[in-house]
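Peer 1: Enclosed is the structure file model-v4.tsv (TSV, C-alpha atoms).
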```tsv
chain	number	residue	atom	x	y	z
A	86	MET	CA	-3.54	-11.86	-8.25
A	87	GLY	CA	-4.16	-12.26	-4.52
A	88	GLN	CA	-5.74	-14.66	-2.07
A	89	PHE	CA	-7.14	-14.70	1.45
A	90	ILE	CA	-4.88	-16.20	4.10
A	91	PRO	CA	-5.26	-16.68	7.86
A	92	MET	CA	-3.14	-14.78	10.34
A	93	GLN	CA	-3.06	-14.46	14.11
A	94	ALA	CA	-3.06	-11.39	16.32
A	95	ALA	CA	-1.03	-11.11	19.51
A	96	ASP	CA	-4.00	-12.07	21.68
A	97	GLY	CA	-4.51	-15.29	19.69
A	98	PHE	CA	-7.44	-14.08	17.60
A	99	ALA	CA	-7.47	-15.57	14.09
A	100	LEU	CA	-8.39	-13.21	11.27
A	101	SER	CA	-8.23	-13.33	7.51
A	102	ALA	CA	-6.36	-11.01	5.18
A	103	TYR	CA	-6.25	-10.59	1.43
A	104	VAL	CA	-2.63	-10.77	0.27
A	105	ALA	CA	-1.50	-9.74	-3.21
A	106	GLN	CA	2.03	-10.72	-4.23
A	107	PRO	CA	4.12	-8.80	-6.76
A	108	ALA	CA	5.60	-10.61	-9.74
A	109	GLY	CA	9.13	-10.63	-8.31
A	110	LYS	CA	10.77	-9.92	-5.00
A	111	PRO	CA	8.77	-7.21	-3.17
A	112	ARG	CA	10.35	-3.76	-3.12
A	113	ALA	CA	8.54	-3.19	0.21
A	114	ALA	CA	5.05	-3.78	1.62
A	115	VAL	CA	1.78	-1.90	1.99
A	116	VAL	CA	-1.04	-2.68	4.42
A	117	VAL	CA	-4.41	-1.67	2.92
A	118	LEU	CA	-7.25	-0.86	5.34
A	119	GLN	CA	-10.84	-1.28	4.22
A	120	GLU	CA	-13.75	1.12	4.33
A	121	ILE	CA	-16.88	0.09	6.25
A	122	PHE	CA	-17.74	-2.28	3.40
A	123	GLY	CA	-15.29	-5.08	4.16
A	124	VAL	CA	-12.43	-6.38	2.06
A	125	ASN	CA	-14.65	-6.14	-0.99
A	126	SER	CA	-13.78	-6.10	-4.68
A	127	HIS	CA	-12.67	-2.47	-4.53
A	128	ILE	CA	-10.23	-3.01	-1.66
A	129	ARG	CA	-8.90	-6.16	-3.32
A	130	GLU	CA	-8.36	-4.15	-6.50
A	131	VAL	CA	-6.46	-1.50	-4.54
A	132	ALA	CA	-4.23	-4.24	-3.12
A	133	ASP	CA	-3.72	-5.79	-6.55
A	134	ARG	CA	-2.67	-2.44	-7.98
A	135	PHE	CA	-0.04	-2.00	-5.30
A	136	ALA	CA	1.23	-5.50	-6.07
A	137	ALA	CA	1.49	-4.48	-9.72
A	138	GLU	CA	3.77	-1.64	-8.55
A	139	GLY	CA	6.06	-4.15	-6.86
A	140	TYR	CA	4.72	-4.04	-3.30
A	141	LEU	CA	3.49	-6.92	-1.20
A	142	ALA	CA	-0.05	-5.79	-0.30
A	143	VAL	CA	-1.89	-7.04	2.79
A	144	ALA	CA	-5.54	-6.11	3.45
A	145	PRO	CA	-6.69	-7.41	6.86
A	146	ALA	CA	-10.39	-8.06	7.41
A	147	THR	CA	-10.94	-5.55	10.19
A	148	PHE	CA	-14.54	-6.65	10.76
A	149	ASP	CA	-13.55	-10.23	11.62
A	150	ARG	CA	-13.68	-9.70	15.39
A	151	VAL	CA	-17.40	-8.97	15.17
A	152	LYS	CA	-18.41	-10.78	11.96
A	153	ALA	CA	-16.30	-12.66	9.43
A	154	GLY	CA	-16.63	-12.80	5.66
A	155	ILE	CA	-18.12	-9.34	5.18
A	156	GLU	CA	-18.23	-8.01	1.63
A	157	LEU	CA	-20.65	-5.15	1.02
A	158	GLY	CA	-21.47	-2.86	-1.87
A	159	TYR	CA	-22.36	0.82	-1.73
A	160	THR	CA	-26.15	0.96	-1.42
A	161	GLU	CA	-27.93	2.66	1.47
A	162	ASP	CA	-28.56	-0.74	3.06
A	163	ASP	CA	-24.87	-1.62	2.70
A	164	MET	CA	-23.96	1.70	4.29
A	165	LYS	CA	-26.22	1.00	7.26
A	166	ALA	CA	-24.88	-2.54	7.70
A	167	GLY	CA	-21.29	-1.36	7.45
A	168	PHE	CA	-21.80	1.44	9.95
A	169	GLU	CA	-23.31	-0.99	12.45
A	170	LEU	CA	-20.31	-3.30	12.09
A	171	LYS	CA	-17.90	-0.39	12.47
A	172	THR	CA	-19.71	0.72	15.62
A	173	ALA	CA	-19.39	-2.80	17.02
A	174	VAL	CA	-15.66	-2.89	16.26
A	175	ASP	CA	-15.15	0.54	17.82
A	176	ALA	CA	-16.80	-0.76	21.00
A	177	LEU	CA	-14.35	-3.66	21.40
A	178	PRO	CA	-12.40	-3.57	24.67
A	179	GLY	CA	-8.69	-2.97	24.97
A	180	ALA	CA	-6.62	-2.68	21.81
A	181	GLY	CA	-9.44	-4.19	19.74
A	182	VAL	CA	-8.87	-4.16	15.99
A	183	LEU	CA	-5.49	-2.43	16.30
A	184	GLN	CA	-4.10	-5.85	17.23
A	185	ASP	CA	-5.22	-7.19	13.86
A	186	ILE	CA	-3.64	-4.28	12.01
A	187	GLN	CA	-0.40	-4.88	13.91
A	188	ALA	CA	-0.55	-8.53	12.86
A	189	ALA	CA	-0.89	-7.43	9.22
A	190	ILE	CA	2.08	-5.06	9.59
A	191	ASN	CA	4.19	-7.83	11.13
A	192	HIS	CA	3.23	-10.27	8.38
A	193	ALA	CA	3.97	-7.71	5.68
A	194	ALA	CA	7.42	-6.99	7.13
A	195	GLN	CA	8.30	-10.66	7.55
A	196	VAL	CA	7.20	-11.79	4.11
A	197	SER	CA	8.47	-8.80	2.14
A	198	GLY	CA	11.71	-8.39	4.02
A	199	GLY	CA	11.36	-4.63	3.52
A	200	LYS	CA	9.80	-1.53	5.00
A	201	VAL	CA	6.05	-1.31	5.53
A	202	GLY	CA	3.62	1.49	4.72
A	203	ILE	CA	-0.10	1.67	5.44
A	204	ILE	CA	-2.96	3.21	3.48
A	205	GLY	CA	-6.65	3.29	4.33
A	206	PHE	CA	-9.92	4.74	3.15
A	207	CYS	CA	-12.86	6.21	5.08
A	208	TRP	CA	-12.95	4.24	8.37
A	209	GLY	CA	-9.69	2.68	7.21
A	210	GLY	CA	-8.30	6.19	6.88
A	211	LEU	CA	-9.00	6.83	10.55
A	212	LEU	CA	-7.44	3.47	11.46
A	213	THR	CA	-4.42	4.36	9.33
A	214	TRP	CA	-3.90	7.53	11.36
A	215	LYS	CA	-4.27	5.60	14.61
A	216	ALA	CA	-1.81	3.00	13.35
A	217	ALA	CA	0.72	5.71	12.45
A	218	CYS	CA	0.45	7.05	15.99
A	219	LEU	CA	0.08	3.88	18.05
A	220	LEU	CA	1.54	0.85	16.24
A	221	GLN	CA	5.03	-0.41	15.53
A	222	GLY	CA	6.93	-1.09	12.32
A	223	LEU	CA	5.54	1.54	9.96
A	224	SER	CA	7.67	3.76	7.71
A	225	ALA	CA	4.83	5.70	6.02
A	226	ALA	CA	1.08	6.20	6.38
A	227	ILE	CA	-1.54	7.55	3.96
A	228	PRO	CA	-5.09	8.10	5.27
A	229	TYR	CA	-7.75	8.94	2.67
A	230	TYR	CA	-10.74	10.95	3.97
A	231	GLY	CA	-10.59	9.37	7.40
A	232	GLY	CA	-13.89	9.99	9.13
A	233	GLY	CA	-13.16	11.16	12.69
A	234	ILE	CA	-9.54	12.02	11.99
A	235	THR	CA	-10.26	15.70	12.68
A	236	ALA	CA	-11.82	15.07	16.10
A	237	GLU	CA	-9.90	16.69	18.98
A	238	THR	CA	-8.86	13.32	20.41
A	239	GLU	CA	-7.35	12.30	17.07
A	240	ILE	CA	-5.71	15.64	16.34
A	241	ALA	CA	-4.01	15.33	19.74
A	242	ARG	CA	-2.17	12.17	18.65
A	243	GLN	CA	1.38	12.33	17.29
A	244	PRO	CA	2.43	10.16	14.34
A	245	ALA	CA	5.58	8.04	14.64
A	246	CYS	CA	6.16	7.90	10.88
A	247	PRO	CA	5.74	10.25	7.89
A	248	VAL	CA	2.09	10.84	6.95
A	249	MET	CA	0.36	12.06	3.80
A	250	ALA	CA	-3.39	12.77	4.14
A	251	HIS	CA	-5.96	13.15	1.36
A	252	PHE	CA	-9.29	14.97	1.83
A	253	GLY	CA	-12.15	16.24	-0.34
A	254	ASP	CA	-13.41	19.80	0.06
A	255	GLN	CA	-17.01	18.67	-0.54
A	256	ASP	CA	-16.92	15.87	2.05
A	257	HIS	CA	-19.98	16.27	4.27
A	258	TRP	CA	-18.44	13.86	6.81
A	259	ILE	CA	-15.26	15.92	7.25
A	260	PRO	CA	-15.83	19.70	7.34
A	261	LEU	CA	-13.16	22.03	6.00
A	262	ASP	CA	-12.65	23.72	9.35
A	263	GLY	CA	-11.74	20.33	10.78
A	264	ILE	CA	-9.20	19.78	8.02
A	265	GLU	CA	-7.72	23.22	8.72
A	266	ALA	CA	-7.47	22.40	12.44
A	267	PHE	CA	-5.71	19.14	11.58
A	268	LYS	CA	-3.27	20.93	9.26
A	269	LYS	CA	-2.50	23.59	11.87
A	270	ALA	CA	-1.83	20.99	14.56
A	271	HIS	CA	0.28	18.80	12.27
A	272	PRO	CA	2.50	20.86	9.98
A	273	GLU	CA	4.66	17.75	9.60
A	274	VAL	CA	1.82	15.96	7.76
A	275	GLU	CA	1.59	16.46	4.00
A	276	VAL	CA	-2.09	17.35	3.52
A	277	HIS	CA	-3.81	17.48	0.12
A	278	VAL	CA	-7.37	18.70	-0.41
A	279	TYR	CA	-9.19	17.95	-3.66
A	280	PRO	CA	-12.37	19.38	-5.25
A	281	ALA	CA	-14.17	16.12	-4.49
A	282	HIS	CA	-16.64	14.32	-2.25
A	283	HIS	CA	-16.10	11.62	0.37
A	284	GLY	CA	-15.06	8.34	-1.25
A	285	PHE	CA	-13.60	10.01	-4.33
A	286	ASN	CA	-11.02	7.24	-4.80
A	287	CYS	CA	-13.56	4.43	-5.25
A	288	ASP	CA	-14.75	3.90	-8.83
A	289	GLN	CA	-17.69	1.84	-7.54
A	290	ARG	CA	-19.19	4.85	-5.77
A	291	ALA	CA	-21.18	7.72	-7.23
A	292	SER	CA	-18.71	10.08	-5.56
A	293	TRP	CA	-15.78	8.74	-7.59
A	294	ASN	CA	-13.68	11.54	-9.03
A	295	ALA	CA	-11.27	10.16	-11.64
A	296	GLU	CA	-9.03	13.22	-11.73
A	297	ALA	CA	-8.72	13.51	-7.95
A	298	ALA	CA	-8.22	9.76	-7.58
A	299	SER	CA	-5.45	9.73	-10.17
A	300	LEU	CA	-3.63	12.71	-8.66
A	301	ALA	CA	-3.91	11.28	-5.14
A	302	ARG	CA	-2.63	7.91	-6.33
A	303	ASN	CA	0.38	9.43	-8.07
A	304	ARG	CA	1.22	11.46	-4.98
A	305	SER	CA	0.79	8.39	-2.80
A	306	LEU	CA	3.04	6.23	-4.96
A	307	ALA	CA	5.74	8.91	-4.92
A	308	PHE	CA	5.39	9.21	-1.13
A	309	LEU	CA	5.68	5.45	-0.65
A	310	SER	CA	8.64	5.25	-2.99
A	311	SER	CA	10.37	8.00	-1.03
A	312	HIS	CA	9.86	6.39	2.37
A	313	LEU	CA	9.79	2.66	1.59
A	314	GLY	CA	12.13	2.41	-1.39
```
Would you mind writing the file's structure down as structure tokens?
Peer 2:
Amino acid sequence: MGQFIPMQAADGFALSAYVAQPAGKPRAAVVVLQEIFGVNSHIREVADRFAAEGYLAVAPATFDRVKAGIELGYTEDDMKAGFELKTAVDALPGAGVLQDIQAAINHAAQVSGGKVGIIGFCWGGLLTWKAACLLQGLSAAIPYYGGGITAETEIARQPACPVMAHFGDQDHWIPLDGIEAFKKAHPEVEVHVYPAHHGFNCDQRASWNAEAASLARNRSLAFLSSHLG
């Protein structure tokens, strides 16, 4: 359904993004942010499913500034490689990868002609929260189990658009007390906690939880419909 296209960030950096078009005129647009495994088959499937719901879906390759063409699976070796790439991206100076996410938001708005939401998973969940707080042009944001989102520096941020956050209560990367601290600091954020592990939305991972994934998806679609149209 989709294809990779080039786009350019404000600083001139050229990155790639997977773009899935709906069958007719887009109702709105959704930027999809990858995990630490690249814009792999799972992330492309997520984008395709949003396109099937009538949204223009744009998934920027957020590793491109350190290494292009990354597509990993979910083995221990893939996890290690992905974490190293994430660490390299996090160490970029200045605005770093946020510029690429802004470029995806701008492209989504221009091509769809409608409002733009953003959704991300794992590392992409953290970037989704940062985007909601720091970037322009967003009308809704949905982070899934964003690693680091409950750190004090992140909790201190204030979102500029409505946010719905999904967590798992068995996530060893995000302790429950951190989720509670996030909820207390941000009563304006709609927080949902599921009896699930980290990565519960991905059906390519052992931690996939079909019931939690389905419920979170239905809530997310309703949230997007409410804020994007």
Peer 1: Considering all atoms listed in the file, return as a VMD selection string whatever protein or nucleic-acid residues lie within 10 Å of Arg150 (chain A), sequence-local ones (same chain, fewer than 2 positions apart) excluded.
Peer 2: chain A and resid 98 to 100 146 to 148 152 to 153 170 173 to 174 177 181 to 182 185
Peer 1: Can you work out the spacing between CA of Ala226 (chain A) and CA of Gly202 (chain A) in Å, to one decimal?
Peer 2: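 CA of Gly202 (chain A) lies 5.6 Å from CA of Ala226 (chain A).
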Peer 1: For Ala189 (chain A), which residue out of A:Lys165, A:Gly139, A:Leu220, A:Asn294 is the nearest one, using all atoms listed in the file?
Peer 2: A:Leu220
Peer 1: Once 3 Å is added on each side, what centre and edge lengths in Å to one decimal does the axis-aligned box around all listed atoms of region 197-213 of chain A have, as JSON?
Peer 2:
```
{"center_x": -0.6, "center_y": -1.0, "center_z": 6.8, "size_x": 30.7, "size_y": 21.6, "size_z": 15.3}
```
Peer 1: Measuring atom to atom with all atoms listed in the file, identify which of A:Ala102, A:Leu223, A:Ala113, A:Ala136 is nearest to Asp149 (chain A).
Peer 2: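 With all atoms listed in the file as the atom set, the closest residue is A:Ala102.
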Peer 1: What's the 12 Å shell around Thr238 (chain A), counting all atoms listed in the file, without same-chain residues fewer than 2 positions away, as JSON, numbers by chain?
Peer 2: {"A": [211, 214, 215, 233, 234, 235, 236, 240, 241, 242, 243, 267, 270]}
Peer 1: For the atom pair CA of Phe135 (chain A) and CA of Pro107 (chain A), what is the interatomic distance in Å to one decimal place?
Peer 2: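 CA of Pro107 (chain A) lies at a distance of 8.1 Å from CA of Phe135 (chain A).
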Peer 1: Using only C-alpha atoms, which protein or nucleic acid residues come within 7 Å of Ile190 (chain A)? Drop anything in the same chain fewer than 2 positions from it, and give the result as an MDAnalysis selection string.
Peer 2: chainID A and resid 116 186:188 192:194 201 222
Peer 1: Using C-alpha atoms, can you export the residues from the last selection as a PDB file, in the coordinates of the input?
Peer 2:
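Wrote selection_21.pdb, looks like this:
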```
ATOM      1  CA  VAL A 116      -1.040  -2.680   4.420  1.00  0.00           C
ATOM      2  CA  ILE A 186      -3.640  -4.280  12.010  1.00  0.00           C
ATOM      3  CA  GLN A 187      -0.400  -4.880  13.910  1.00  0.00           C
ATOM      4  CA  ALA A 188      -0.550  -8.530  12.860  1.00  0.00           C
ATOM      5  CA  HIS A 192       3.230 -10.270   8.380  1.00  0.00           C
ATOM      6  CA  ALA A 193       3.970  -7.710   5.680  1.00  0.00           C
ATOM      7  CA  ALA A 194       7.420  -6.990   7.130  1.00  0.00           C
ATOM      8  CA  VAL A 201       6.050  -1.310   5.530  1.00  0.00           C
ATOM      9  CA  GLY A 222       6.930  -1.090  12.320  1.00  0.00           C
TER      10      GLY A 222
END
```
Peer 1: Residues around (-1.8, 15.3, 3.2), cut-off 6 Å, counting all atoms listed in the file - what are they as an MDAnalysis selection string?
Peer 2: chainID A and resid 249:251 274:277
